>>> print(open('query-v3.txt').read())   # compact mmCIF, C-alpha atoms
# COMPACT_ATOMS: atom_id res chain seq x y z
CA MET A 1 12.38 -11.43 8.56
CA LEU A 2 13.32 -7.77 8.30
CA THR A 3 11.51 -5.42 10.64
CA THR A 4 12.04 -2.50 8.23
CA TYR A 5 13.13 -2.18 4.61
CA HIS A 6 12.76 0.08 1.57
CA THR A 7 11.17 -0.90 -1.72
CA ILE A 8 9.27 0.68 -4.62
CA ALA A 9 5.79 2.03 -3.93
CA GLU A 10 4.27 -0.02 -6.76
CA SER A 11 5.05 -1.53 -10.13
CA GLY A 12 5.35 1.03 -12.90
CA VAL A 13 6.86 2.15 -16.18
CA THR A 14 8.51 5.46 -17.14
CA GLU A 15 10.20 6.65 -20.31
CA ILE A 16 12.91 9.19 -21.10
CA ILE A 17 14.49 10.22 -24.41
CA ILE A 18 18.26 10.66 -24.65
CA LYS A 19 19.94 11.62 -27.94
CA GLY A 20 16.99 10.19 -29.85
CA SER A 21 17.00 6.82 -28.05
CA ARG A 22 14.00 5.77 -25.99
CA PHE A 23 14.84 4.37 -22.56
CA ILE A 24 11.81 2.70 -20.96
CA CYS A 25 12.26 1.58 -17.35
CA SER A 26 9.90 -1.06 -15.95
CA LEU A 27 9.99 -1.69 -12.18
CA LYS A 28 8.33 -4.46 -10.18
CA ARG A 29 8.43 -5.87 -6.67
CA VAL A 30 9.70 -9.45 -6.75
CA HIS A 31 10.14 -11.97 -3.95
CA SER A 32 12.07 -14.74 -5.70
CA GLU A 33 14.57 -15.09 -8.52
CA ASP A 34 12.01 -17.04 -10.56
CA GLU A 35 9.58 -14.14 -10.22
CA ALA A 36 12.29 -11.69 -11.32
CA LYS A 37 13.19 -13.82 -14.35
CA ALA A 38 9.54 -14.16 -15.33
CA PHE A 39 9.13 -10.38 -15.16
CA ILE A 40 12.20 -9.81 -17.32
CA GLN A 41 10.96 -12.30 -19.91
CA ALA A 42 7.52 -10.64 -19.95
CA VAL A 43 9.09 -7.24 -20.67
CA LYS A 44 11.29 -8.76 -23.39
CA LYS A 45 8.23 -10.35 -24.97
CA GLU A 46 6.38 -7.03 -24.92
CA HIS A 47 9.35 -5.14 -26.38
CA TRP A 48 10.70 -7.83 -28.70
CA LYS A 49 11.51 -5.22 -31.35
CA ALA A 50 13.69 -3.20 -28.96
CA THR A 51 17.45 -2.92 -29.45
CA HIS A 52 18.17 -3.99 -25.84
CA ASN A 53 16.28 -5.08 -22.72
CA CYS A 54 18.82 -4.69 -19.90
CA SER A 55 18.00 -5.83 -16.38
CA ALA A 56 18.97 -5.81 -12.72
CA TYR A 57 17.40 -7.11 -9.55
CA LEU A 58 17.93 -7.37 -5.79
CA ILE A 59 16.35 -10.15 -3.74
CA GLY A 60 16.75 -11.16 -0.09
CA ASP A 61 16.65 -9.50 3.31
CA GLN A 62 20.33 -8.62 2.88
CA ASN A 63 20.16 -8.54 -0.93
CA GLU A 64 21.79 -11.96 -1.08
CA ILE A 65 20.81 -12.28 -4.74
CA GLN A 66 22.07 -9.52 -7.03
CA ARG A 67 22.01 -9.88 -10.78
CA ALA A 68 22.71 -7.53 -13.71
CA HIS A 69 22.57 -8.17 -17.46
CA ASP A 70 23.67 -5.88 -20.30
CA ASP A 71 21.70 -7.67 -23.06
CA GLY A 72 24.12 -6.77 -25.82
CA GLU A 73 25.27 -3.36 -24.63
CA PRO A 74 29.03 -3.05 -23.96
CA SER A 75 29.97 -4.95 -20.81
CA GLY A 76 29.34 -2.98 -17.62
CA THR A 77 27.48 -0.09 -19.26
CA ALA A 78 23.86 -1.06 -18.49
CA GLY A 79 22.99 -3.78 -15.96
CA VAL A 80 25.57 -2.87 -13.32
CA PRO A 81 24.79 0.89 -13.40
CA MET A 82 21.10 0.01 -13.05
CA LEU A 83 21.88 -2.26 -10.10
CA GLU A 84 23.96 0.44 -8.45
CA VAL A 85 21.03 2.89 -8.51
CA LEU A 86 18.82 0.31 -6.78
CA LYS A 87 21.53 -0.29 -4.17
CA LYS A 88 22.19 3.43 -3.60
CA ASN A 89 18.51 3.82 -2.75
CA ASP A 90 18.85 0.93 -0.25
CA LEU A 91 16.06 -1.07 -1.92
CA ARG A 92 15.03 -4.69 -1.39
CA TYR A 93 13.01 -7.10 -3.52
CA VAL A 94 13.01 -5.04 -6.74
CA ALA A 95 13.59 -5.88 -10.40
CA ALA A 96 14.26 -3.30 -13.10
CA VAL A 97 14.28 -3.67 -16.87
CA VAL A 98 15.41 -0.80 -19.10
CA THR A 99 14.29 -1.19 -22.70
CA ARG A 100 16.24 0.78 -25.29
CA TYR A 101 15.05 1.67 -28.75
CA PHE A 102 18.15 3.00 -30.50
CA GLY A 103 17.68 6.46 -31.94
CA GLY A 104 20.67 6.62 -34.24
CA THR A 105 23.24 8.40 -32.04
CA LYS A 106 25.87 6.38 -30.21
CA LEU A 107 26.40 7.46 -26.60
CA GLY A 108 29.77 5.90 -25.81
CA ALA A 109 30.50 3.87 -22.68
CA GLY A 110 30.21 6.81 -20.28
CA GLY A 111 27.04 8.05 -21.92
CA LEU A 112 25.44 4.61 -21.72
CA ILE A 113 26.28 4.29 -18.03
CA ARG A 114 24.68 7.67 -17.31
CA ALA A 115 21.68 6.94 -19.53
CA TYR A 116 20.82 3.60 -17.92
CA SER A 117 21.42 5.02 -14.43
CA ARG A 118 19.22 8.01 -15.21
CA SER A 119 16.45 5.81 -16.57
CA VAL A 120 16.20 3.82 -13.33
CA ALA A 121 16.61 6.92 -11.14
CA THR A 122 13.83 8.72 -13.02
CA ALA A 123 11.52 5.72 -12.62
CA LEU A 124 12.19 5.59 -8.87
CA LYS A 125 11.46 9.29 -8.58
CA ASP A 126 8.20 9.00 -10.54
CA ILE A 127 6.96 5.76 -8.97
CA GLY A 128 8.16 6.47 -5.45
CA ILE A 129 9.80 4.59 -2.60
CA VAL A 130 8.17 3.32 0.59
CA VAL A 131 9.52 2.06 3.87
CA ARG A 132 7.82 -1.15 4.97
CA SER A 133 7.83 -1.62 8.74
CA LEU A 134 6.64 -4.67 10.64
CA GLN A 135 3.97 -3.27 12.96
CA THR A 136 0.81 -4.30 14.76
CA LYS A 137 -2.43 -2.85 13.44
CA VAL A 138 -4.43 -1.19 16.20
CA GLY A 139 -7.94 0.16 15.67
CA CYS A 140 -9.11 3.11 17.81
CA LEU A 141 -12.91 3.34 17.92
CA VAL A 142 -14.42 6.67 18.92
CA SER A 143 -17.67 8.55 18.41
CA TYR A 144 -18.10 10.98 15.53
CA SER A 145 -18.15 13.90 17.94
CA ALA A 146 -14.78 12.86 19.41
CA SER A 147 -13.13 11.84 16.14
CA GLY A 148 -11.69 15.27 15.34
CA LYS A 149 -9.72 15.35 18.56
CA LEU A 150 -8.19 11.94 17.96
CA GLU A 151 -7.48 12.72 14.30
CA ASN A 152 -5.58 15.86 15.32
CA TYR A 153 -3.53 13.89 17.84
CA LEU A 154 -2.65 11.16 15.35
CA ALA A 155 -1.61 13.74 12.75
CA GLN A 156 1.10 14.96 15.13
CA ALA A 157 2.01 11.65 16.78
CA PRO A 158 4.93 9.51 15.54
CA TYR A 159 2.65 6.69 14.42
CA THR A 160 1.32 5.60 11.04
CA LEU A 161 -2.36 6.27 10.37
CA ILE A 162 -3.31 3.60 7.83
CA GLU A 163 -6.92 4.61 7.25
CA ALA A 164 -10.10 5.94 8.87
CA GLN A 165 -13.19 3.71 8.70
CA TYR A 166 -16.64 5.27 9.12
CA THR A 167 -19.61 3.20 10.29
CA ASP A 168 -21.76 3.98 13.32
CA GLN A 169 -18.46 5.02 14.90
CA VAL A 170 -15.12 6.14 13.55
CA CYS A 171 -12.23 3.66 13.61
CA PHE A 172 -8.72 5.01 13.10
CA LEU A 173 -6.56 2.08 12.04
CA CYS A 174 -2.94 2.69 13.03
CA GLY A 175 0.34 0.87 12.55
CA ILE A 176 2.17 0.64 15.86
CA PRO A 177 5.54 -0.96 16.62
CA THR A 178 4.62 -3.98 18.71
CA GLU A 179 6.78 -2.89 21.65
CA ASP A 180 5.01 0.51 21.72
CA ILE A 181 1.40 -0.72 21.85
CA SER A 182 0.96 -0.23 25.59
CA HIS A 183 2.43 3.28 25.47
CA PHE A 184 0.26 4.15 22.47
CA GLN A 185 -2.90 2.96 24.19
CA ASP A 186 -2.06 4.89 27.35
CA ALA A 187 -1.40 8.07 25.38
CA VAL A 188 -4.60 7.83 23.33
CA THR A 189 -6.66 6.96 26.41
CA ASP A 190 -5.30 10.07 28.12
CA VAL A 191 -5.99 12.32 25.11
CA MET A 192 -9.54 10.98 24.77
CA ASN A 193 -10.29 10.96 28.50
CA GLY A 194 -11.01 7.24 28.28
CA ARG A 195 -13.58 7.59 25.46
CA VAL A 196 -11.93 5.11 23.12
CA VAL A 197 -12.05 1.36 22.47
CA PHE A 198 -9.03 -0.48 21.07
CA GLU A 199 -8.99 -3.41 18.69
CA VAL A 200 -5.53 -5.00 18.48
CA GLY A 201 -4.99 -6.90 15.26
CA GLU A 202 -2.18 -8.92 13.75
CA GLU A 203 1.39 -7.96 13.05
CA ASP A 204 1.96 -7.08 9.40
CA TYR A 205 3.98 -4.74 7.20
CA VAL A 206 2.81 -1.15 7.10
CA GLU A 207 3.98 1.15 4.30
CA ARG A 208 4.92 4.81 4.45
CA SER A 209 6.09 6.96 1.56
CA ILE A 210 9.51 8.56 1.83
CA SER A 211 11.47 11.04 -0.24
CA THR A 212 13.25 9.42 -3.16
CA ALA A 213 17.02 9.73 -3.31
CA TYR A 214 17.56 10.87 -6.87
CA ASP A 215 20.77 9.53 -8.37
CA GLU A 216 23.53 11.93 -9.41
CA ALA A 217 23.19 10.60 -12.97
CA ASP A 218 20.20 12.94 -13.25
CA GLU A 219 22.55 15.88 -13.30
CA GLY A 220 24.39 17.09 -16.37
CA GLU A 221 24.21 16.55 -20.10
CA ILE A 222 24.97 13.18 -21.64
CA GLU A 223 27.60 13.77 -24.29
>>> encode(input="query-v3.txt", output="structure tokens")
Amino acid sequence: MLTTYHTIAESGVTEIIIKGSRFICSLKRVHSEDEAKAFIQAVKKEHWKATHNCSAYLIGDQNEIQRAHDDGEPSGTAGVPMLEVLKKNDLRYVAAVVTRYFGGTKLGAGGLIRAYSRSVATALKDIGIVVRSLQTKVGCLVSYSASGKLENYLAQAPYTLIEAQYTDQVCFLCGIPTEDISHFQDAVTDVMNGRVVFEVGEEDYVERSISTAYDEADEGEIE
């Protein structure tokens, strides 16, 4: 099991227009090849009138499964460029389908490569990328009067604040690397002068948004 990996923030769909053709990119997290194939078939069913539904996906901790399909476009002009954008962004467990509705202007091999790359890159930029890190969830319970001090500390500390829960007390739920729990508790205890109670939960993946690496295909005009 990976301790850290990058994937898309959520499933989503974006659309761009190039030389009159519509390029609709659908992205989804997938955890098996069967799930990826089912997603691709669902998109094809939705867009059954489209000229092409090209696809690519990466599955496995080390991306052991990599597939790309041109769906009738000239060989190597659609699926592989889509796959390369996913790989350049160091993603795991992601499937992409780019649906093309032909607009009447042929793009040529180079134009198709840039168009399909741009479609996936634009979708990644719009939908976002997260880093998923295997961490232990630790709750820090404090009084309302002391919550501001702890909130300020957590905002500057190198830890992930998952959420704040408000009941009769305030609980700041944090994602902490398991090996750092003791250090984290000591630091918070010191900041709060001992006025804090910890609840150590289970180890799970915690997500944090990161800047999206936009592919170079975004630059320049498609001839």
>>> closest_residue(input="query-v3.txt", among="A:Ala96, A:Met1, A:Val206, A:Leu83", to="A:Leu173", atoms="only C-alpha atoms")
A:Val206
>>> atom_distance(input="query-v3.txt", atom1="atom CA of A:Val188", atom2="atom CA of A:Leu154")
8.9 Å
>>> atom_distance(input="query-v3.txt", atom1="atom CA of A:Glu207", atom2="atom CA of A:Ala38")
25.5 Å
>>> atom_distance(input="query-v3.txt", atom1="atom CA of A:Asp168", atom2="atom CA of A:Ala146")
12.8 Å
>>> residues_near_point(input="query-v3.txt", point="(2.6, 1.8, -12.4)", cutoff="10 Å", atoms="all atoms listed in the file", output="list in words")
Ala9, Glu10, Ser11, Gly12, Val13, Thr14, Ser26, Leu27, Lys28, Ala123, Asp126 and Ile127 of chain A
>>> residues_around(input="query-v3.txt", residues="A:Phe102", least_positions_apart="5", cutoff="7 Å", atoms="only C-alpha atoms", output="MDAnalysis selection string")
chainID A and resid 21:22 51
>>> write_last_selection(input="query-v3.txt", atoms="C-alpha atoms", output="mmCIF file, in the coordinates of the input")
data_model
loop_
_atom_site.group_PDB
_atom_site.id
_atom_site.type_symbol
_atom_site.label_atom_id
_atom_site.label_comp_id
_atom_site.auth_asym_id
_atom_site.auth_seq_id
_atom_site.Cartn_x
_atom_site.Cartn_y
_atom_site.Cartn_z
ATOM 1 C CA SER A 21 17.000 6.820 -28.050
ATOM 2 C CA ARG A 22 14.000 5.770 -25.990
ATOM 3 C CA THR A 51 17.450 -2.920 -29.450
#
>>> closest_residue(input="query-v3.txt", among="A:Leu161, A:Gln62, A:Val94, A:Thr7", to="A:Phe39", atoms="all atoms listed in the file")
A:Val94
>>> closest_residue(input="query-v3.txt", among="A:Asp180, A:Asp186, A:Asp71, A:Glu35", to="A:His52", atoms="all atoms listed in the file")
A:Asp71
>>> closest_residue(input="query-v3.txt", among="A:His31, A:Arg100, A:Lys137, A:Lys87", to="A:His47", atoms="all atoms listed in the file")
A:Arg100
>>> closest_residue(input="query-v3.txt", among="A:Arg132, A:His6, A:Lys149, A:His69", to="A:Tyr116", atoms="only C-alpha atoms")
A:His69
>>> closest_residue(input="query-v3.txt", among="A:Thr105, A:Gln169, A:Ser145, A:Ser117", to="A:Gly20", atoms="only C-alpha atoms")
A:Thr105
>>> residues_around(input="query-v3.txt", residues="A:Asp61", least_positions_apart="6", cutoff="9 Å", atoms="only C-alpha atoms", output="compact mmCIF listing (two decimals) with C-alpha atoms, in the coordinates of the input")
# COMPACT_ATOMS: atom_id res chain seq x y z
CA MET A 1 12.38 -11.43 8.56
CA LEU A 2 13.32 -7.77 8.30
CA TYR A 5 13.13 -2.18 4.61
CA ARG A 92 15.03 -4.69 -1.39
CA TYR A 93 13.01 -7.10 -3.52
>>> residues_around(input="query-v3.txt", residues="A:Gly201", least_positions_apart="5", cutoff="10 Å", atoms="only C-alpha atoms", output="count of residues only")
7
>>> residues_around(input="query-v3.txt", residues="A:Ala187", least_positions_apart="5", cutoff="12 Å", atoms="all atoms listed in the file", output="JSON, numbers by chain")
{"A": [140, 150, 153, 154, 157, 158, 159, 180, 181, 182, 192, 193, 194, 196]}
>>> residues_around(input="query-v3.txt", residues="A:Ser119", least_positions_apart="2", cutoff="12 Å", atoms="only C-alpha atoms", output="short mmCIF file (atom, residue, chain, number, x, y, z; two decimals) with C-alpha atoms, in the frame of the given file")
data_model
loop_
_atom_site.label_atom_id
_atom_site.label_comp_id
_atom_site.auth_asym_id
_atom_site.auth_seq_id
_atom_site.Cartn_x
_atom_site.Cartn_y
_atom_site.Cartn_z
CA VAL A 13 6.86 2.15 -16.18
CA THR A 14 8.51 5.46 -17.14
CA GLU A 15 10.20 6.65 -20.31
CA ILE A 16 12.91 9.19 -21.10
CA ILE A 17 14.49 10.22 -24.41
CA ILE A 18 18.26 10.66 -24.65
CA SER A 21 17.00 6.82 -28.05
CA ARG A 22 14.00 5.77 -25.99
CA PHE A 23 14.84 4.37 -22.56
CA ILE A 24 11.81 2.70 -20.96
CA CYS A 25 12.26 1.58 -17.35
CA SER A 26 9.90 -1.06 -15.95
CA LEU A 27 9.99 -1.69 -12.18
CA CYS A 54 18.82 -4.69 -19.90
CA SER A 55 18.00 -5.83 -16.38
CA ALA A 78 23.86 -1.06 -18.49
CA GLY A 79 22.99 -3.78 -15.96
CA PRO A 81 24.79 0.89 -13.40
CA MET A 82 21.10 0.01 -13.05
CA LEU A 83 21.88 -2.26 -10.10
CA VAL A 85 21.03 2.89 -8.51
CA LEU A 86 18.82 0.31 -6.78
CA ALA A 96 14.26 -3.30 -13.10
CA VAL A 97 14.28 -3.67 -16.87
CA VAL A 98 15.41 -0.80 -19.10
CA THR A 99 14.29 -1.19 -22.70
CA ARG A 100 16.24 0.78 -25.29
CA LEU A 112 25.44 4.61 -21.72
CA ILE A 113 26.28 4.29 -18.03
CA ARG A 114 24.68 7.67 -17.31
CA ALA A 115 21.68 6.94 -19.53
CA TYR A 116 20.82 3.60 -17.92
CA SER A 117 21.42 5.02 -14.43
CA ALA A 121 16.61 6.92 -11.14
CA THR A 122 13.83 8.72 -13.02
CA ALA A 123 11.52 5.72 -12.62
CA LEU A 124 12.19 5.59 -8.87
CA LYS A 125 11.46 9.29 -8.58
CA ASP A 126 8.20 9.00 -10.54
CA TYR A 214 17.56 10.87 -6.87
CA ASP A 215 20.77 9.53 -8.37
CA GLU A 216 23.53 11.93 -9.41
CA ALA A 217 23.19 10.60 -12.97
CA ASP A 218 20.20 12.94 -13.25
#
>>> decode(input="query-v3.txt", residues="stretch 6-73 of chain A", atoms="C-alpha atoms", output="PDB file, in the first residue's frame")
ATOM      1  CA  HIS A   6      -1.473  11.764  -6.383  1.00  0.00           C
ATOM      2  CA  THR A   7      -4.906  11.428  -7.952  1.00  0.00           C
ATOM      3  CA  ILE A   8      -7.777  13.613  -9.164  1.00  0.00           C
ATOM      4  CA  ALA A   9      -9.729  15.579  -6.568  1.00  0.00           C
ATOM      5  CA  GLU A  10     -13.050  14.142  -7.754  1.00  0.00           C
ATOM      6  CA  SER A  11     -14.828  12.814 -10.806  1.00  0.00           C
ATOM      7  CA  GLY A  12     -15.738  15.493 -13.312  1.00  0.00           C
ATOM      8  CA  VAL A  13     -16.330  16.577 -16.888  1.00  0.00           C
ATOM      9  CA  THR A  14     -14.945  19.552 -18.837  1.00  0.00           C
ATOM     10  CA  GLU A  15     -15.321  20.651 -22.442  1.00  0.00           C
ATOM     11  CA  ILE A  16     -13.184  22.641 -24.870  1.00  0.00           C
ATOM     12  CA  ILE A  17     -13.769  23.624 -28.504  1.00  0.00           C
ATOM     13  CA  ILE A  18     -10.937  23.305 -31.020  1.00  0.00           C
ATOM     14  CA  LYS A  19     -11.453  24.192 -34.695  1.00  0.00           C
ATOM     15  CA  GLY A  20     -15.170  23.567 -34.321  1.00  0.00           C
ATOM     16  CA  SER A  21     -14.801  20.119 -32.725  1.00  0.00           C
ATOM     17  CA  ARG A  22     -16.066  19.525 -29.203  1.00  0.00           C
ATOM     18  CA  PHE A  23     -13.636  17.685 -26.929  1.00  0.00           C
ATOM     19  CA  ILE A  24     -15.346  16.527 -23.719  1.00  0.00           C
ATOM     20  CA  CYS A  25     -13.044  15.019 -21.090  1.00  0.00           C
ATOM     21  CA  SER A  26     -14.563  12.806 -18.386  1.00  0.00           C
ATOM     22  CA  LEU A  27     -12.340  11.835 -15.438  1.00  0.00           C
ATOM     23  CA  LYS A  28     -12.984   9.297 -12.692  1.00  0.00           C
ATOM     24  CA  ARG A  29     -11.082   7.590  -9.902  1.00  0.00           C
ATOM     25  CA  VAL A  30     -10.935   3.845 -10.545  1.00  0.00           C
ATOM     26  CA  HIS A  31      -9.430   1.047  -8.463  1.00  0.00           C
ATOM     27  CA  SER A  32      -9.620  -1.888 -10.876  1.00  0.00           C
ATOM     28  CA  GLU A  33      -9.507  -2.493 -14.608  1.00  0.00           C
ATOM     29  CA  ASP A  34     -13.119  -3.690 -14.536  1.00  0.00           C
ATOM     30  CA  GLU A  35     -14.141  -0.391 -12.947  1.00  0.00           C
ATOM     31  CA  ALA A  36     -12.219   1.540 -15.610  1.00  0.00           C
ATOM     32  CA  LYS A  37     -13.827  -0.451 -18.436  1.00  0.00           C
ATOM     33  CA  ALA A  38     -17.290   0.052 -16.949  1.00  0.00           C
ATOM     34  CA  PHE A  39     -16.680   3.808 -16.772  1.00  0.00           C
ATOM     35  CA  ILE A  40     -15.530   3.931 -20.390  1.00  0.00           C
ATOM     36  CA  GLN A  41     -18.580   1.987 -21.536  1.00  0.00           C
ATOM     37  CA  ALA A  42     -20.880   4.308 -19.560  1.00  0.00           C
ATOM     38  CA  VAL A  43     -19.387   7.364 -21.278  1.00  0.00           C
ATOM     39  CA  LYS A  44     -19.681   5.681 -24.682  1.00  0.00           C
ATOM     40  CA  LYS A  45     -23.328   4.898 -23.970  1.00  0.00           C
ATOM     41  CA  GLU A  46     -23.998   8.500 -22.981  1.00  0.00           C
ATOM     42  CA  HIS A  47     -22.209   9.870 -26.049  1.00  0.00           C
ATOM     43  CA  TRP A  48     -23.167   7.184 -28.554  1.00  0.00           C
ATOM     44  CA  LYS A  49     -23.597   9.792 -31.296  1.00  0.00           C
ATOM     45  CA  ALA A  50     -20.040  11.109 -30.853  1.00  0.00           C
ATOM     46  CA  THR A  51     -17.409  10.660 -33.553  1.00  0.00           C
ATOM     47  CA  HIS A  52     -14.893   9.147 -31.093  1.00  0.00           C
ATOM     48  CA  ASN A  53     -14.670   8.185 -27.409  1.00  0.00           C
ATOM     49  CA  CYS A  54     -10.937   7.795 -26.762  1.00  0.00           C
ATOM     50  CA  SER A  55      -9.669   6.537 -23.418  1.00  0.00           C
ATOM     51  CA  ALA A  56      -6.693   6.033 -21.134  1.00  0.00           C
ATOM     52  CA  TYR A  57      -6.248   4.803 -17.596  1.00  0.00           C
ATOM     53  CA  LEU A  58      -3.616   4.108 -14.940  1.00  0.00           C
ATOM     54  CA  ILE A  59      -4.168   1.537 -12.201  1.00  0.00           C
ATOM     55  CA  GLY A  60      -1.859   0.142  -9.513  1.00  0.00           C
ATOM     56  CA  ASP A  61       0.488   1.475  -6.865  1.00  0.00           C
ATOM     57  CA  GLN A  62       3.224   1.621  -9.504  1.00  0.00           C
ATOM     58  CA  ASN A  63       0.794   2.079 -12.410  1.00  0.00           C
ATOM     59  CA  GLU A  64       1.214  -1.572 -13.332  1.00  0.00           C
ATOM     60  CA  ILE A  65      -1.835  -1.361 -15.600  1.00  0.00           C
ATOM     61  CA  GLN A  66      -1.662   1.282 -18.330  1.00  0.00           C
ATOM     62  CA  ARG A  67      -4.070   1.277 -21.229  1.00  0.00           C
ATOM     63  CA  ALA A  68      -4.810   3.681 -24.104  1.00  0.00           C
ATOM     64  CA  HIS A  69      -7.333   3.426 -26.945  1.00  0.00           C
ATOM     65  CA  ASP A  70      -7.729   5.682 -29.987  1.00  0.00           C
ATOM     66  CA  ASP A  71     -11.299   4.588 -30.853  1.00  0.00           C
ATOM     67  CA  GLY A  72     -10.935   5.216 -34.565  1.00  0.00           C
ATOM     68  CA  GLU A  73      -8.597   8.202 -34.510  1.00  0.00           C
TER      69      GLU A  73
END
